[in-house]
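Structure below is my_file.cif: mmCIF, C-alpha atoms; chains and numbers go by the auth columns.
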data_run
loop_
_atom_site.group_PDB
_atom_site.id
_atom_site.type_symbol
_atom_site.label_atom_id
_atom_site.label_comp_id
_atom_site.label_asym_id
_atom_site.label_seq_id
_atom_site.Cartn_x
_atom_site.Cartn_y
_atom_site.Cartn_z
_atom_site.B_iso_or_equiv
_atom_site.auth_seq_id
_atom_site.auth_asym_id
ATOM 1 C CA MET A 1 0.000 0.000 0.000 0.00 13 D
ATOM 2 C CA ALA A 2 1.337 3.430 -0.932 0.00 14 D
ATOM 3 C CA THR A 3 2.026 5.931 1.804 0.00 15 D
ATOM 4 C CA ALA A 4 1.227 9.638 1.557 0.00 16 D
ATOM 5 C CA GLY A 5 4.936 10.381 1.252 0.00 17 D
ATOM 6 C CA SER A 6 5.466 7.943 -1.607 0.00 18 D
ATOM 7 C CA VAL A 7 2.444 9.319 -3.472 0.00 19 D
ATOM 8 C CA GLN A 8 3.734 12.894 -3.080 0.00 20 D
ATOM 9 C CA THR A 9 7.147 11.819 -4.331 0.00 21 D
ATOM 10 C CA ALA A 10 5.592 10.111 -7.355 0.00 22 D
ATOM 11 C CA VAL A 11 3.510 13.208 -8.157 0.00 23 D
ATOM 12 C CA LYS A 12 6.578 15.460 -7.920 0.00 24 D
ATOM 13 C CA LYS A 13 8.355 13.238 -10.458 0.00 25 D
ATOM 14 C CA ILE A 14 5.624 13.592 -13.101 0.00 26 D
ATOM 15 C CA GLN A 15 4.370 17.119 -12.356 0.00 27 D
ATOM 16 C CA PRO A 16 6.390 19.867 -14.069 0.00 28 D
ATOM 17 C CA ASP A 17 7.548 22.871 -12.065 0.00 29 D
ATOM 18 C CA SER A 18 5.680 25.286 -14.310 0.00 30 D
ATOM 19 C CA ASN A 19 3.248 25.347 -17.194 0.00 31 D
ATOM 20 C CA ALA A 20 3.903 26.491 -20.777 0.00 32 D
ATOM 21 C CA PHE A 21 3.475 30.124 -19.707 0.00 33 D
ATOM 22 C CA GLY A 22 6.012 29.851 -16.883 0.00 34 D
ATOM 23 C CA TYR A 23 3.456 29.865 -14.062 0.00 35 D
ATOM 24 C CA THR A 24 3.698 27.443 -11.180 0.00 36 D
ATOM 25 C CA PHE A 25 0.838 25.047 -10.602 0.00 37 D
ATOM 26 C CA ARG A 26 -1.559 25.806 -7.754 0.00 38 D
ATOM 27 C CA ASP A 27 1.032 27.693 -5.752 0.00 39 D
ATOM 28 C CA TYR A 28 -1.473 29.815 -3.861 0.00 40 D
ATOM 29 C CA GLY A 29 0.649 30.090 -0.714 0.00 41 D
ATOM 30 C CA LYS A 30 2.418 33.119 -2.118 0.00 42 D
ATOM 31 C CA GLU A 31 1.136 36.215 -3.858 0.00 43 D
ATOM 32 C CA SER A 32 0.589 35.333 -7.485 0.00 44 D
ATOM 33 C CA GLU A 33 -1.573 36.317 -10.410 0.00 45 D
ATOM 34 C CA GLY A 34 -3.776 33.292 -9.831 0.00 46 D
ATOM 35 C CA ARG A 35 -4.282 33.739 -6.110 0.00 47 D
ATOM 36 C CA ALA A 36 -6.593 36.771 -6.353 0.00 48 D
ATOM 37 C CA GLY A 37 -8.733 34.982 -8.942 0.00 49 D
ATOM 38 C CA VAL A 38 -8.936 31.837 -6.828 0.00 50 D
ATOM 39 C CA GLU A 39 -9.881 33.832 -3.729 0.00 51 D
ATOM 40 C CA GLN A 40 -12.607 35.690 -5.657 0.00 52 D
ATOM 41 C CA PHE A 41 -13.912 32.420 -7.124 0.00 53 D
ATOM 42 C CA TYR A 42 -14.274 30.808 -3.694 0.00 54 D
ATOM 43 C CA LYS A 43 -15.743 33.971 -2.154 0.00 55 D
ATOM 44 C CA THR A 44 -18.380 34.221 -4.874 0.00 56 D
ATOM 45 C CA ASN A 45 -19.248 30.531 -4.584 0.00 57 D
ATOM 46 C CA HIS A 46 -19.593 30.675 -0.813 0.00 58 D
ATOM 47 C CA ILE A 47 -21.805 33.770 -1.012 0.00 59 D
ATOM 48 C CA ASN A 48 -24.044 32.106 -3.596 0.00 60 D
ATOM 49 C CA GLN A 49 -24.435 28.812 -1.759 0.00 61 D
ATOM 50 C CA THR A 50 -27.945 29.643 -0.626 0.00 62 D
ATOM 51 C CA TYR A 51 -31.304 27.985 -1.087 0.00 63 D
ATOM 52 C CA GLU A 52 -32.629 31.003 -3.009 0.00 64 D
ATOM 53 C CA PHE A 53 -29.667 30.953 -5.421 0.00 65 D
ATOM 54 C CA ALA A 54 -30.103 27.207 -6.015 0.00 66 D
ATOM 55 C CA LYS A 55 -33.838 27.672 -6.664 0.00 67 D
ATOM 56 C CA LYS A 56 -33.100 30.465 -9.145 0.00 68 D
ATOM 57 C CA LYS A 57 -30.568 28.304 -11.029 0.00 69 D
ATOM 58 C CA LYS A 58 -32.926 25.311 -11.027 0.00 70 D
ATOM 59 C CA GLU A 59 -35.644 27.504 -12.496 0.00 71 D
ATOM 60 C CA GLU A 60 -33.237 28.969 -15.057 0.00 72 D
ATOM 61 C CA TYR A 61 -31.676 25.693 -16.202 0.00 73 D
ATOM 62 C CA GLY A 62 -34.536 23.293 -15.468 0.00 74 D
ATOM 63 C CA LYS A 63 -36.787 24.569 -18.244 0.00 75 D
ATOM 64 C CA PRO A 64 -37.353 22.298 -21.246 0.00 76 D
ATOM 65 C CA ASN A 65 -35.875 24.923 -23.601 0.00 77 D
ATOM 66 C CA ARG A 66 -32.424 23.306 -23.487 0.00 78 D
ATOM 67 C CA ALA A 67 -31.229 20.348 -25.495 0.00 79 D
ATOM 68 C CA GLU A 68 -29.252 17.388 -24.236 0.00 80 D
ATOM 69 C CA MET A 69 -26.655 16.078 -26.649 0.00 81 D
ATOM 70 C CA SER A 70 -23.196 14.633 -26.803 0.00 82 D
ATOM 71 C CA ILE A 71 -20.230 16.881 -27.535 0.00 83 D
ATOM 72 C CA TRP A 72 -20.026 15.333 -31.002 0.00 84 D
ATOM 73 C CA GLU A 73 -23.696 16.111 -31.706 0.00 85 D
ATOM 74 C CA CYS A 74 -23.106 19.672 -30.534 0.00 86 D
ATOM 75 C CA CYS A 75 -20.104 20.087 -32.857 0.00 87 D
ATOM 76 C CA GLU A 76 -22.112 18.764 -35.792 0.00 88 D
ATOM 77 C CA LEU A 77 -24.994 21.100 -34.977 0.00 89 D
ATOM 78 C CA LEU A 78 -22.696 24.118 -34.800 0.00 90 D
ATOM 79 C CA SER A 79 -20.853 23.045 -37.939 0.00 91 D
ATOM 80 C CA ASN A 80 -24.075 22.769 -39.945 0.00 92 D
ATOM 81 C CA HIS A 81 -25.928 25.715 -38.396 0.00 93 D
ATOM 82 C CA GLY A 82 -26.852 28.406 -40.909 0.00 94 D
ATOM 83 C CA THR A 83 -25.357 26.702 -43.941 0.00 95 D
ATOM 84 C CA HIS A 84 -28.635 24.984 -44.859 0.00 96 D
ATOM 85 C CA ARG A 85 -29.969 28.290 -46.223 0.00 97 D
ATOM 86 C CA GLY A 86 -27.428 28.277 -49.038 0.00 98 D
ATOM 87 C CA SER A 87 -25.354 30.975 -47.390 0.00 99 D
ATOM 88 C CA SER A 88 -21.609 30.656 -47.075 0.00 100 D
ATOM 89 C CA THR A 89 -21.751 32.864 -43.957 0.00 101 D
ATOM 90 C CA PRO A 90 -23.375 31.107 -41.017 0.00 102 D
ATOM 91 C CA SER A 91 -26.406 32.770 -39.491 0.00 103 D
ATOM 92 C CA TRP A 92 -26.467 32.445 -35.699 0.00 104 D
ATOM 93 C CA GLU A 93 -30.075 33.543 -35.298 0.00 105 D
ATOM 94 C CA ILE A 94 -32.191 30.978 -33.549 0.00 106 D
#

Re-express the file's structure as structure tokens.
Amino acid sequence: MATAGSVQTAVKKIQPDSNAFGYTFRDYGKESEGRAGVEQFYKTNHINQTYEFAKKKKEEYGKPNRAEMSIWECCELLSNHGTHRGSSTPSWEI
């Protein structure tokens, strides 16, 4: 069975020190460009974790005016949208 230390060591071996833009990954212990955004994200989510907010979102997204489809079906729909009218420029009016 792996110990916490061995798992951390294994992760360090495969996780690069920075991403393609030179930023470190999830290093929120120090002041960084990402830290303010992460703090705002969590603050907003905690503020909105209310019954009223959940009811509003359920009402907004629970209506039958939304389609359920796979990502492939969505891509095909977007690819074909507007071109059926004989126009080379897609029309995004629904």

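CA of Gly49 (chain D) lies 20.5 Å from CA of Asp29 (chain D).
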
Tell me, in Å to one decimal, how far CA of Gln52 (chain D) is from CA of Ala66 (chain D). 19.4 Å

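Rounded to one decimal, CA of His58 (chain D) and CA of Lys70 (chain D) lie 17.6 Å from each other.
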